[in-house]
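Student: Pasting query.pdb below, which is PDB, C-alpha atoms.
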ATOM      1  CA  MET Z   1     -35.379 -23.077  -4.018
ATOM      2  CA  PHE Z   2     -37.184 -19.886  -3.124
ATOM      3  CA  GLY Z   3     -34.889 -17.947  -0.784
ATOM      4  CA  TYR Z   4     -36.746 -18.627   2.478
ATOM      5  CA  ILE Z   5     -34.106 -20.587   4.383
ATOM      6  CA  ASN Z   6     -32.240 -18.263   6.752
ATOM      7  CA  PRO Z   7     -30.546 -18.603  10.130
ATOM      8  CA  ASP Z   8     -31.754 -16.885  13.278
ATOM      9  CA  ALA Z   9     -28.904 -14.374  13.018
ATOM     10  CA  PRO Z  10     -28.784 -13.113  16.646
ATOM     11  CA  TYR Z  11     -28.143 -16.707  17.746
ATOM     12  CA  LEU Z  12     -25.592 -17.488  15.017
ATOM     13  CA  PHE Z  13     -21.970 -17.923  16.128
ATOM     14  CA  LYS Z  14     -19.423 -15.837  14.242
ATOM     15  CA  LYS Z  15     -17.633 -18.992  13.032
ATOM     16  CA  ASP Z  16     -20.884 -20.234  11.522
ATOM     17  CA  GLU Z  17     -21.622 -16.908   9.870
ATOM     18  CA  VAL Z  18     -18.193 -17.088   8.212
ATOM     19  CA  LEU Z  19     -18.838 -20.692   7.134
ATOM     20  CA  TYR Z  20     -22.298 -19.851   5.777
ATOM     21  CA  LYS Z  21     -21.038 -16.960   3.656
ATOM     22  CA  SER Z  22     -17.997 -18.983   2.564
ATOM     23  CA  LEU Z  23     -20.241 -21.798   1.341
ATOM     24  CA  TYR Z  24     -22.422 -19.276  -0.508
ATOM     25  CA  CYS Z  25     -19.413 -17.749  -2.283
ATOM     26  CA  GLY Z  26     -18.003 -21.207  -2.939
ATOM     27  CA  LEU Z  27     -21.235 -22.325  -4.549
ATOM     28  CA  CYS Z  28     -21.206 -19.223  -6.724
ATOM     29  CA  LYS Z  29     -17.795 -20.243  -8.044
ATOM     30  CA  ALA Z  30     -18.870 -23.896  -8.344
ATOM     31  CA  ILE Z  31     -21.868 -22.872 -10.451
ATOM     32  CA  GLY Z  32     -19.588 -20.842 -12.696
ATOM     33  CA  LYS Z  33     -17.299 -23.854 -13.048
ATOM     34  CA  GLY Z  34     -20.091 -26.286 -13.888
ATOM     35  CA  CYS Z  35     -22.752 -24.188 -15.608
ATOM     36  CA  GLY Z  36     -21.149 -20.936 -16.731
ATOM     37  CA  GLN Z  37     -21.099 -17.396 -15.432
ATOM     38  CA  MET Z  38     -24.716 -16.380 -16.103
ATOM     39  CA  ALA Z  39     -26.022 -19.290 -14.036
ATOM     40  CA  ARG Z  40     -24.347 -17.806 -10.954
ATOM     41  CA  THR Z  41     -27.047 -15.132 -10.744
ATOM     42  CA  ALA Z  42     -29.635 -17.716  -9.641
ATOM     43  CA  LEU Z  43     -27.845 -18.667  -6.415
ATOM     44  CA  THR Z  44     -29.685 -18.296  -3.088
ATOM     45  CA  TYR Z  45     -28.669 -18.941   0.496
ATOM     46  CA  ASP Z  46     -31.041 -21.911   0.489
ATOM     47  CA  MET Z  47     -28.457 -23.882  -1.457
ATOM     48  CA  ALA Z  48     -25.661 -22.705   0.859
ATOM     49  CA  PHE Z  49     -27.647 -24.320   3.677
ATOM     50  CA  ILE Z  50     -28.002 -27.528   1.648
ATOM     51  CA  SER Z  51     -24.253 -27.403   1.014
ATOM     52  CA  ALA Z  52     -23.507 -27.155   4.753
ATOM     53  CA  LEU Z  53     -25.866 -30.047   5.469
ATOM     54  CA  VAL Z  54     -24.592 -32.335   2.716
ATOM     55  CA  HIS Z  55     -20.884 -31.677   3.301
ATOM     56  CA  ASN Z  56     -21.305 -32.377   7.011
ATOM     57  CA  ILE Z  57     -23.223 -35.621   6.582
ATOM     58  CA  LEU Z  58     -20.710 -36.822   3.987
ATOM     59  CA  GLY Z  59     -17.798 -35.860   6.221
ATOM     60  CA  GLU Z  60     -16.288 -33.704   3.475
ATOM     61  CA  ASP Z  61     -14.457 -30.773   5.033
ATOM     62  CA  VAL Z  62     -14.385 -27.641   2.903
ATOM     63  CA  LYS Z  63     -11.202 -25.706   2.280
ATOM     64  CA  ILE Z  64     -11.701 -21.979   2.791
ATOM     65  CA  GLU Z  65      -9.455 -19.314   1.303
ATOM     66  CA  LYS Z  66      -9.686 -15.559   0.922
ATOM     67  CA  LYS Z  67     -10.355 -14.573  -2.678
ATOM     68  CA  ARG Z  68     -11.671 -11.719  -4.787
ATOM     69  CA  CYS Z  69     -14.514 -11.980  -7.255
ATOM     70  CA  ALA Z  70     -16.008  -9.843 -10.003
ATOM     71  CA  VAL Z  71     -18.723  -8.507  -7.689
ATOM     72  CA  HIS Z  72     -16.558  -7.956  -4.603
ATOM     73  CA  TRP Z  73     -13.156  -7.237  -6.143
ATOM     74  CA  ILE Z  74     -11.872  -4.588  -3.720
ATOM     75  CA  LYS Z  75     -11.801  -6.726  -0.607
ATOM     76  CA  LYS Z  76     -11.067 -10.434  -0.462
ATOM     77  CA  ARG Z  77     -13.773 -12.674   0.963
ATOM     78  CA  HIS Z  78     -13.774 -16.118   2.529
ATOM     79  CA  VAL Z  79     -14.615 -18.673  -0.158
ATOM     80  CA  ALA Z  80     -15.123 -22.430   0.162
ATOM     81  CA  LEU Z  81     -13.178 -23.857  -2.758
ATOM     82  CA  PRO Z  82     -15.368 -25.802  -5.226
ATOM     83  CA  ASP Z  83     -15.414 -29.577  -4.910
ATOM     84  CA  ASP Z  84     -17.447 -32.362  -6.512
ATOM     85  CA  THR Z  85     -20.293 -31.890  -4.033
ATOM     86  CA  SER Z  86     -20.610 -28.130  -4.533
ATOM     87  CA  VAL Z  87     -20.467 -28.528  -8.331
ATOM     88  CA  ALA Z  88     -23.293 -31.108  -8.107
ATOM     89  CA  LEU Z  89     -25.288 -28.682  -5.970
ATOM     90  CA  GLY Z  90     -24.609 -26.010  -8.583
ATOM     91  CA  TYR Z  91     -26.100 -28.220 -11.293
ATOM     92  CA  ALA Z  92     -29.218 -28.645  -9.148
ATOM     93  CA  ASN Z  93     -29.439 -24.913  -8.454
ATOM     94  CA  THR Z  94     -29.260 -24.088 -12.152
ATOM     95  CA  ALA Z  95     -31.862 -26.683 -13.125
ATOM     96  CA  LEU Z  96     -34.208 -25.511 -10.351
ATOM     97  CA  ALA Z  97     -33.881 -21.894 -11.527
ATOM     98  CA  TYR Z  98     -34.521 -22.882 -15.137
ATOM     99  CA  TYR Z  99     -37.642 -24.915 -14.365
ATOM    100  CA  LYS Z 100     -38.952 -22.199 -12.042
ATOM    101  CA  LEU Z 101     -38.720 -19.655 -14.851
ATOM    102  CA  CYS Z 102     -40.329 -22.109 -17.277
ATOM    103  CA  ASP Z 103     -43.190 -22.372 -14.797
ATOM    104  CA  ASP Z 104     -43.379 -18.572 -14.620
ATOM    105  CA  LYS Z 105     -43.544 -18.461 -18.416
ATOM    106  CA  ALA Z 106     -46.414 -20.958 -18.396
ATOM    107  CA  ASP Z 107     -48.198 -18.730 -15.862
ATOM    108  CA  GLY Z 108     -47.831 -15.737 -18.165
ATOM    109  CA  GLU Z 109     -45.294 -14.004 -15.927
ATOM    110  CA  ALA Z 110     -42.946 -11.558 -17.675
ATOM    111  CA  ARG Z 111     -39.943 -12.833 -15.739
ATOM    112  CA  GLY Z 112     -40.421 -16.212 -17.414
ATOM    113  CA  ALA Z 113     -38.651 -14.727 -20.433
ATOM    114  CA  LEU Z 114     -35.454 -14.740 -18.360
ATOM    115  CA  ARG Z 115     -35.235 -18.514 -18.599
ATOM    116  CA  HIS Z 116     -33.027 -18.125 -21.684
ATOM    117  CA  ILE Z 117     -30.311 -16.756 -19.364
ATOM    118  CA  TYR Z 118     -30.001 -20.191 -17.758
ATOM    119  CA  LYS Z 119     -30.654 -22.357 -20.815
ATOM    120  CA  LYS Z 120     -26.978 -22.881 -21.648
ATOM    121  CA  GLY Z 121     -26.142 -23.673 -18.034
ATOM    122  CA  PHE Z 122     -29.130 -25.987 -17.846
ATOM    123  CA  LYS Z 123     -27.907 -27.931 -20.870
ATOM    124  CA  ARG Z 124     -24.478 -28.281 -19.266
ATOM    125  CA  ALA Z 125     -26.085 -29.516 -16.053
ATOM    126  CA  ARG Z 126     -28.239 -32.043 -17.921
ATOM    127  CA  LYS Z 127     -25.213 -33.378 -19.804
ATOM    128  CA  ALA Z 128     -23.035 -33.667 -16.693
ATOM    129  CA  ARG Z 129     -25.651 -34.936 -14.234
ATOM    130  CA  PRO Z 130     -28.721 -36.304 -16.017
ATOM    131  CA  ASP Z 131     -29.760 -37.999 -12.771
ATOM    132  CA  ILE Z 132     -30.036 -34.673 -10.924
ATOM    133  CA  VAL Z 133     -31.772 -32.861 -13.769
ATOM    134  CA  GLY Z 134     -34.034 -35.855 -14.433
ATOM    135  CA  THR Z 135     -35.187 -35.882 -10.809
ATOM    136  CA  ILE Z 136     -35.964 -32.177 -10.917
ATOM    137  CA  GLU Z 137     -37.790 -32.556 -14.237
ATOM    138  CA  LYS Z 138     -39.855 -35.509 -13.003
ATOM    139  CA  TYR Z 139     -41.133 -33.792  -9.894
ATOM    140  CA  SER Z 140     -41.499 -30.383 -11.565
ATOM    141  CA  ASP Z 141     -43.847 -32.036 -14.062
ATOM    142  CA  MET Z 142     -45.664 -33.762 -11.205
ATOM    143  CA  GLN Z 143     -45.989 -30.426  -9.412
ATOM    144  CA  ALA Z 144     -47.404 -28.792 -12.521
ATOM    145  CA  GLU Z 145     -49.975 -31.568 -12.937
ATOM    146  CA  THR Z 146     -50.988 -31.337  -9.284
ATOM    147  CA  GLU Z 147     -51.533 -27.602  -9.580
ATOM    148  CA  LYS Z 148     -53.351 -27.973 -12.896
ATOM    149  CA  SER Z 149     -55.812 -30.294 -11.176
ATOM    150  CA  GLY Z 150     -56.768 -27.476  -8.804
ATOM    151  CA  CYS Z 151     -55.676 -29.393  -5.693
ATOM    152  CA  ALA Z 152     -57.061 -27.784  -2.521
ATOM    153  CA  VAL Z 153     -55.252 -29.981   0.027
ATOM    154  CA  PRO Z 154     -51.963 -28.416   1.211
ATOM    155  CA  ASP Z 155     -50.310 -31.725   2.079
ATOM    156  CA  MET Z 156     -51.050 -33.173  -1.364
ATOM    157  CA  ALA Z 157     -50.083 -30.000  -3.223
ATOM    158  CA  ALA Z 158     -46.684 -29.869  -1.517
ATOM    159  CA  GLU Z 159     -45.938 -33.570  -2.083
ATOM    160  CA  PRO Z 160     -44.061 -33.279  -5.427
ATOM    161  CA  THR Z 161     -41.666 -30.634  -4.098
ATOM    162  CA  ALA Z 162     -41.099 -32.680  -0.945
ATOM    163  CA  LEU Z 163     -40.369 -35.806  -2.985
ATOM    164  CA  MET Z 164     -38.054 -33.858  -5.279
ATOM    165  CA  LEU Z 165     -35.880 -32.594  -2.436
ATOM    166  CA  SER Z 166     -35.866 -36.029  -0.805
ATOM    167  CA  GLY Z 167     -34.839 -37.624  -4.104
ATOM    168  CA  LEU Z 168     -32.082 -35.067  -4.655
ATOM    169  CA  SER Z 169     -30.747 -35.719  -1.162
ATOM    170  CA  ASP Z 170     -30.182 -39.365  -2.109
ATOM    171  CA  LEU Z 171     -28.167 -38.271  -5.143
ATOM    172  CA  PHE Z 172     -26.073 -35.821  -3.129
ATOM    173  CA  LEU Z 173     -25.482 -38.130  -0.166
ATOM    174  CA  LYS Z 174     -25.143 -41.443  -2.033
ATOM    175  CA  ASP Z 175     -24.151 -44.178   0.440
ATOM    176  CA  ALA Z 176     -24.581 -41.786   3.367
ATOM    177  CA  ALA Z 177     -28.324 -41.416   2.652
ATOM    178  CA  THR Z 178     -30.652 -42.834   5.298
ATOM    179  CA  GLY Z 179     -34.327 -42.775   6.136
ATOM    180  CA  ASP Z 180     -33.637 -39.837   8.442
ATOM    181  CA  THR Z 181     -31.866 -37.783   5.777
ATOM    182  CA  ARG Z 182     -34.700 -38.468   3.315
ATOM    183  CA  GLY Z 183     -37.256 -37.532   5.958
ATOM    184  CA  LEU Z 184     -35.468 -34.282   6.803
ATOM    185  CA  PHE Z 185     -35.185 -33.166   3.186
ATOM    186  CA  TYR Z 186     -38.782 -34.237   2.542
ATOM    187  CA  ALA Z 187     -40.074 -32.082   5.422
ATOM    188  CA  ILE Z 188     -37.948 -29.123   4.322
ATOM    189  CA  GLY Z 189     -39.260 -29.441   0.755
ATOM    190  CA  LYS Z 190     -42.845 -29.503   1.955
ATOM    191  CA  TRP Z 191     -42.220 -26.499   4.205
ATOM    192  CA  VAL Z 192     -40.643 -24.493   1.358
ATOM    193  CA  TYR Z 193     -43.648 -25.084  -0.890
ATOM    194  CA  LEU Z 194     -46.247 -24.182   1.733
ATOM    195  CA  VAL Z 195     -44.468 -21.147   3.148
ATOM    196  CA  ASP Z 196     -44.064 -19.845  -0.409
ATOM    197  CA  ALA Z 197     -47.797 -20.327  -1.010
ATOM    198  CA  LEU Z 198     -48.560 -18.381   2.167
ATOM    199  CA  ASP Z 199     -46.099 -15.611   1.358
ATOM    200  CA  ASP Z 200     -47.390 -15.201  -2.223
ATOM    201  CA  TYR Z 201     -51.072 -15.572  -1.313
ATOM    202  CA  ASP Z 202     -52.227 -12.022  -2.051
ATOM    203  CA  GLU Z 203     -50.188 -11.667  -5.239
ATOM    204  CA  ASP Z 204     -51.321 -15.065  -6.537
ATOM    205  CA  VAL Z 205     -54.980 -14.190  -5.964
ATOM    206  CA  LYS Z 206     -54.556 -10.798  -7.600
ATOM    207  CA  LYS Z 207     -52.923 -12.312 -10.690
ATOM    208  CA  GLY Z 208     -55.178 -15.356 -10.860
ATOM    209  CA  ARG Z 209     -52.362 -17.829 -10.279
ATOM    210  CA  TYR Z 210     -52.770 -21.183  -8.597
ATOM    211  CA  ASN Z 211     -52.371 -21.159  -4.835
ATOM    212  CA  VAL Z 212     -53.364 -24.190  -2.806
ATOM    213  CA  LEU Z 213     -54.197 -22.087   0.256
ATOM    214  CA  TYR Z 214     -56.611 -19.965  -1.769
ATOM    215  CA  ASN Z 215     -58.217 -23.107  -3.189
ATOM    216  CA  MET Z 216     -58.458 -24.403   0.361
ATOM    217  CA  THR Z 217     -60.067 -21.291   1.893
ATOM    218  CA  GLY Z 218     -61.604 -19.366  -1.008
ATOM    219  CA  ARG Z 219     -60.713 -16.077   0.709
ATOM    220  CA  LYS Z 220     -59.503 -13.094  -1.296
ATOM    221  CA  THR Z 221     -56.688 -12.046   1.056
ATOM    222  CA  LYS Z 222     -54.114 -13.797   3.206
ATOM    223  CA  LYS Z 223     -55.497 -12.041   6.270
ATOM    224  CA  GLU Z 224     -58.976 -13.456   5.627
ATOM    225  CA  ALA Z 225     -57.536 -16.898   4.859
ATOM    226  CA  LEU Z 226     -55.670 -16.956   8.161
ATOM    227  CA  GLU Z 227     -58.830 -15.960  10.020
ATOM    228  CA  VAL Z 228     -60.567 -19.120   8.828
ATOM    229  CA  ALA Z 229     -57.664 -21.545   8.459
ATOM    230  CA  GLY Z 230     -54.836 -20.086  10.539
ATOM    231  CA  GLU Z 231     -54.998 -22.737  13.250
ATOM    232  CA  GLU Z 232     -55.030 -25.547  10.709
ATOM    233  CA  LEU Z 233     -52.008 -24.086   8.941
ATOM    234  CA  LYS Z 234     -50.155 -23.654  12.228
ATOM    235  CA  PHE Z 235     -50.808 -27.314  12.962
ATOM    236  CA  ILE Z 236     -49.434 -28.328   9.537
ATOM    237  CA  PHE Z 237     -46.282 -26.277  10.058
ATOM    238  CA  ASP Z 238     -45.852 -27.524  13.633
ATOM    239  CA  MET Z 239     -45.996 -31.094  12.370
ATOM    240  CA  LEU Z 240     -43.330 -30.286   9.783
ATOM    241  CA  PHE Z 241     -41.118 -28.730  12.465
ATOM    242  CA  ALA Z 242     -41.575 -31.871  14.579
ATOM    243  CA  ASP Z 243     -40.629 -34.066  11.601
ATOM    244  CA  MET Z 244     -37.502 -31.978  11.031
ATOM    245  CA  ARG Z 245     -36.455 -32.267  14.676
ATOM    246  CA  ARG Z 246     -37.093 -36.006  14.780
ATOM    247  CA  ASN Z 247     -35.170 -36.747  11.596
ATOM    248  CA  LEU Z 248     -32.377 -34.348  12.527
ATOM    249  CA  SER Z 249     -31.818 -36.225  15.783
ATOM    250  CA  GLY Z 250     -31.258 -39.465  13.863
ATOM    251  CA  ILE Z 251     -28.592 -38.106  11.499
ATOM    252  CA  SER Z 252     -24.914 -38.728  12.171
ATOM    253  CA  PHE Z 253     -22.887 -35.577  11.568
ATOM    254  CA  LYS Z 254     -19.124 -35.683  11.059
ATOM    255  CA  PHE Z 255     -18.428 -32.101  12.143
ATOM    256  CA  ASN Z 256     -19.920 -29.402  14.337
ATOM    257  CA  HIS Z 257     -23.494 -28.757  13.187
ATOM    258  CA  ASP Z 258     -24.320 -25.505  14.974
ATOM    259  CA  LEU Z 259     -25.032 -23.747  11.657
ATOM    260  CA  THR Z 260     -27.566 -26.238  10.324
ATOM    261  CA  ASP Z 261     -29.144 -26.682  13.775
ATOM    262  CA  ASN Z 262     -29.642 -22.923  13.983
ATOM    263  CA  ILE Z 263     -31.331 -22.816  10.581
ATOM    264  CA  ILE Z 264     -33.524 -25.895  11.039
ATOM    265  CA  LEU Z 265     -34.500 -25.463  14.684
ATOM    266  CA  ARG Z 266     -34.670 -21.666  14.875
ATOM    267  CA  GLY Z 267     -34.485 -20.012  11.449
ATOM    268  CA  ILE Z 268     -37.204 -22.011   9.700
ATOM    269  CA  PRO Z 269     -39.822 -21.630  12.485
ATOM    270  CA  LEU Z 270     -38.948 -17.928  12.762
ATOM    271  CA  LYS Z 271     -39.341 -17.358   9.026
ATOM    272  CA  THR Z 272     -42.737 -19.068   9.203
ATOM    273  CA  GLN Z 273     -43.830 -16.781  12.029
ATOM    274  CA  THR Z 274     -42.620 -13.738  10.082
ATOM    275  CA  ILE Z 275     -44.726 -14.697   7.063
ATOM    276  CA  PHE Z 276     -47.730 -15.399   9.284
ATOM    277  CA  TYR Z 277     -47.595 -12.092  11.127
ATOM    278  CA  GLY Z 278     -45.545  -9.776   8.918
ATOM    279  CA  ASP Z 279     -42.788  -7.445  10.045
ATOM    280  CA  CYS Z 280     -44.299  -6.995  13.505
ATOM    281  CA  GLY Z 281     -43.793 -10.684  14.230
ATOM    282  CA  LYS Z 282     -40.322 -10.503  12.753
ATOM    283  CA  LYS Z 283     -39.215  -7.533  14.834
ATOM    284  CA  SER Z 284     -40.685  -8.877  18.022
ATOM    285  CA  LYS Z 285     -38.464 -11.960  17.733
ATOM    286  CA  GLY Z 286     -35.382 -10.191  16.471
ATOM    287  CA  ALA Z 287     -35.322 -11.997  13.153
ATOM    288  CA  ASP Z 288     -32.860 -11.005  10.490
ATOM    289  CA  ASP Z 289     -33.317 -11.334   6.756
ATOM    290  CA  GLU Z 290     -30.045  -9.645   5.858
ATOM    291  CA  GLN Z 291     -28.456 -13.009   5.068
ATOM    292  CA  LYS Z 292     -30.867 -13.330   2.169
ATOM    293  CA  LYS Z 293     -29.819  -9.937   0.822
ATOM    294  CA  SER Z 294     -26.054 -10.426   1.317
TER     295      SER Z 294
END
In structure tokens, write the structure found in this file.

Tutor:
Amino acid sequence: MFGYINPDAPYLFKKDEVLYKSLYCGLCKAIGKGCGQMARTALTYDMAFISALVHNILGEDVKIEKKRCAVHWIKKRHVALPDDTSVALGYANTALAYYKLCDDKADGEARGALRHIYKKGFKRARKARPDIVGTIEKYSDMQAETEKSGCAVPDMAAEPTALMLSGLSDLFLKDAATGDTRGLFYAIGKWVYLVDALDDYDEDVKKGRYNVLYNMTGRKTKKEALEVAGEELKFIFDMLFADMRRNLSGISFKFNHDLTDNIILRGIPLKTQTIFYGDCGKKSKGADDEQKKS
């Protein structure tokens, strides 16, 4: 995941803020348990959101306790105690981080050298859950081939990432998986890929990296690309938001789902608007990225 999934903080209930941060800290500990301490550094709030979604659909209540950790040792924090689901999510997080850095290495990025940090954790993940790692590997390879082909169609370029997240959702949810859960994760995966392409547009062009939106428009800057294709991109994102809402309405949740509703219905559209219009759009809507930095 890329760190784009955030709540609309001004509309987030305090109870949900506590839950969100507890799940994040719990995943950090779950990653350490399953993949080792170094793998914990790859955690993002994206996976905390996935944890909230999966636990709720499965009907698995999390147990929260106040604990200290190596980073925040002075004051105890709320932590969701690791369980089988959070450990499985930790395996996925580690594998995603490892393959992302392998991709960076293939692109000639210096940070690709950091992949060795996660290699041991990746091996542990592959041994424990070959189904999770195999799914990530399959669609990462498919993504690489799609990009290598020079694909200029956003919907096609985002397909492997969408299929990967949909496939992972089946593994996390098992018997609780439905067409609606697959559809929701598919739309989120497609959104993550496209919003990342939009956010990285200028840097990708500058460094000569693949970017489907550049291949689509041929413009040298994001500003110029939006001038010629902004309405088309808005339509694509609006259709993804509609898919998320439709699939969300068909999912049976076991607990209160204010947190995930906030993120899906408010946070994701707001993040998209922020990336479209920059900080001005963000400030005008009162968005808050501090969750990502916490």

Student: Applied to this file, what does the PyMOL selection byres ((chain Z and resi 76) around 6) return in terms of residues, put as a JSON list (two decimals) with C-alpha atoms, in the frame of the given file?

Tutor:
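So the final result, stored in result_32.json, reads:
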[["chain", "number", "residue", "atom", "x", "y", "z"],
["Z", 66, "LYS", "CA", -9.69, -15.56, 0.92],
["Z", 67, "LYS", "CA", -10.36, -14.57, -2.68],
["Z", 68, "ARG", "CA", -11.67, -11.72, -4.79],
["Z", 75, "LYS", "CA", -11.80, -6.73, -0.61],
["Z", 77, "ARG", "CA", -13.77, -12.67, 0.96]]

Student: Please determine, counting all atoms listed in the file, which residue among Z:Tyr201, Z:Trp73, Z:Phe253, Z:Tyr4 has the shortest atom-to-atom distance to Z:Ala176.

Tutor: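 Ranking Z:Tyr201, Z:Trp73, Z:Phe253, Z:Tyr4 by distance to Z:Ala176, first place goes to Z:Phe253.
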
Student: Can you tell me which residues surround Z:Cys102 at a distance of at most 10 Å, considering all atoms listed in the file, apart from same-chain residues fewer than 3 positions away, and format the answer as a PyMOL selection string?

Tutor: chain Z and resi 96-99+105-109+111-116

Student: Could you tell me which residues the PyMOL selection byres ((chain Z and resi 86) around 12) returns for this structure, as a PyMOL selection string?

Tutor: chain Z and resi 22-35+47-55+60-63+80-85+87-93+172-173

Student: Ranking Z:Gly36, Z:Gly250, Z:Thr135, Z:Leu19 by minimum distance to Z:Lys119 and counting all atoms listed in the file, which one comes first?

Tutor: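 Of Z:Gly36, Z:Gly250, Z:Thr135, Z:Leu19, the one nearest Z:Lys119 is Z:Gly36, counting all atoms listed in the file.
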
Student: Can you tell me which residues surround Z:Asp199 at a distance of at most 7 Å, considering all atoms listed in the file, apart from same-chain residues fewer than 3 positions away, and format the answer as an NGL selection string?

Tutor: :Z and (195-196 or 275)

Student: Contacts of Z:Leu168 at 8 Å or less, counting only C-alpha atoms, minus same-chain residues fewer than 3 places along, as a list in words?

Tutor: Ile132, Thr135, Ile136, Met164, Leu165, Leu171 and Phe172 of chain Z

Student: Neighbouring residues of Z:Ser249 were defined as those with any atom within 12 Å, considering only C-alpha atoms; residues of the same chain fewer than 6 positions away were excluded. Please report them as a list of chain:residue names.

Tutor: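 With the cut-off at 12 Å, the set is Z:Gly179, Z:Asp180, Z:Thr181, Z:Gly183, Z:Leu184, Z:Ala242, Z:Asp243, Z:His257, Z:Asp261, Z:Ile264, Z:Leu265.
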
Student: Compare Z:Gly3, Z:Gly278, Z:Pro269, Z:Gly150 by their minimum atom-to-atom distance to Z:Asp238, counting all atoms listed in the file, and give me the closest one.

Tutor: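 Residue with the minimum atom-to-atom distance to Z:Asp238: Z:Pro269.
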
Student: As a PyMOL selection string, please: the residues near Z:Phe237 (cut-off 12 Å, only C-alpha atoms, same-chain neighbours under 4 positions excluded).

Tutor: chain Z and resi 154-155+187-188+190-195+198+230-233+241-244+268-273+276

Student: Can you complete the atoms of stretch 21-33 of chain Z to N, CA and C atoms and list them as a compact mmCIF listing (two decimals), keeping the file's coordinate frame?

Tutor:
# COMPACT_ATOMS: atom_id res chain seq x y z
N LYS Z 21 -21.35 -17.86 4.77
CA LYS Z 21 -21.04 -16.96 3.66
C LYS Z 21 -19.96 -17.56 2.76
N SER Z 22 -19.04 -18.32 3.36
CA SER Z 22 -18.00 -18.98 2.56
C SER Z 22 -18.61 -20.03 1.64
N LEU Z 23 -19.57 -20.79 2.15
CA LEU Z 23 -20.24 -21.80 1.34
C LEU Z 23 -21.03 -21.14 0.21
N TYR Z 24 -21.67 -20.01 0.52
CA TYR Z 24 -22.42 -19.28 -0.51
C TYR Z 24 -21.49 -18.84 -1.64
N CYS Z 25 -20.36 -18.21 -1.27
CA CYS Z 25 -19.41 -17.75 -2.28
C CYS Z 25 -18.79 -18.93 -3.03
N GLY Z 26 -18.55 -20.02 -2.30
CA GLY Z 26 -18.00 -21.21 -2.94
C GLY Z 26 -18.96 -21.81 -3.95
N LEU Z 27 -20.24 -21.82 -3.61
CA LEU Z 27 -21.24 -22.32 -4.55
C LEU Z 27 -21.33 -21.45 -5.79
N CYS Z 28 -21.18 -20.15 -5.59
CA CYS Z 28 -21.21 -19.22 -6.72
C CYS Z 28 -20.10 -19.59 -7.71
N LYS Z 29 -18.91 -19.86 -7.18
CA LYS Z 29 -17.80 -20.24 -8.04
C LYS Z 29 -18.01 -21.64 -8.64
N ALA Z 30 -18.60 -22.54 -7.85
CA ALA Z 30 -18.87 -23.90 -8.34
C ALA Z 30 -19.88 -23.88 -9.48
N ILE Z 31 -20.88 -23.01 -9.38
CA ILE Z 31 -21.87 -22.87 -10.45
C ILE Z 31 -21.19 -22.35 -11.71
N GLY Z 32 -20.31 -21.37 -11.55
CA GLY Z 32 -19.59 -20.84 -12.70
C GLY Z 32 -18.74 -21.92 -13.36
N LYS Z 33 -18.13 -22.77 -12.54
CA LYS Z 33 -17.30 -23.85 -13.05
C LYS Z 33 -18.12 -24.89 -13.80
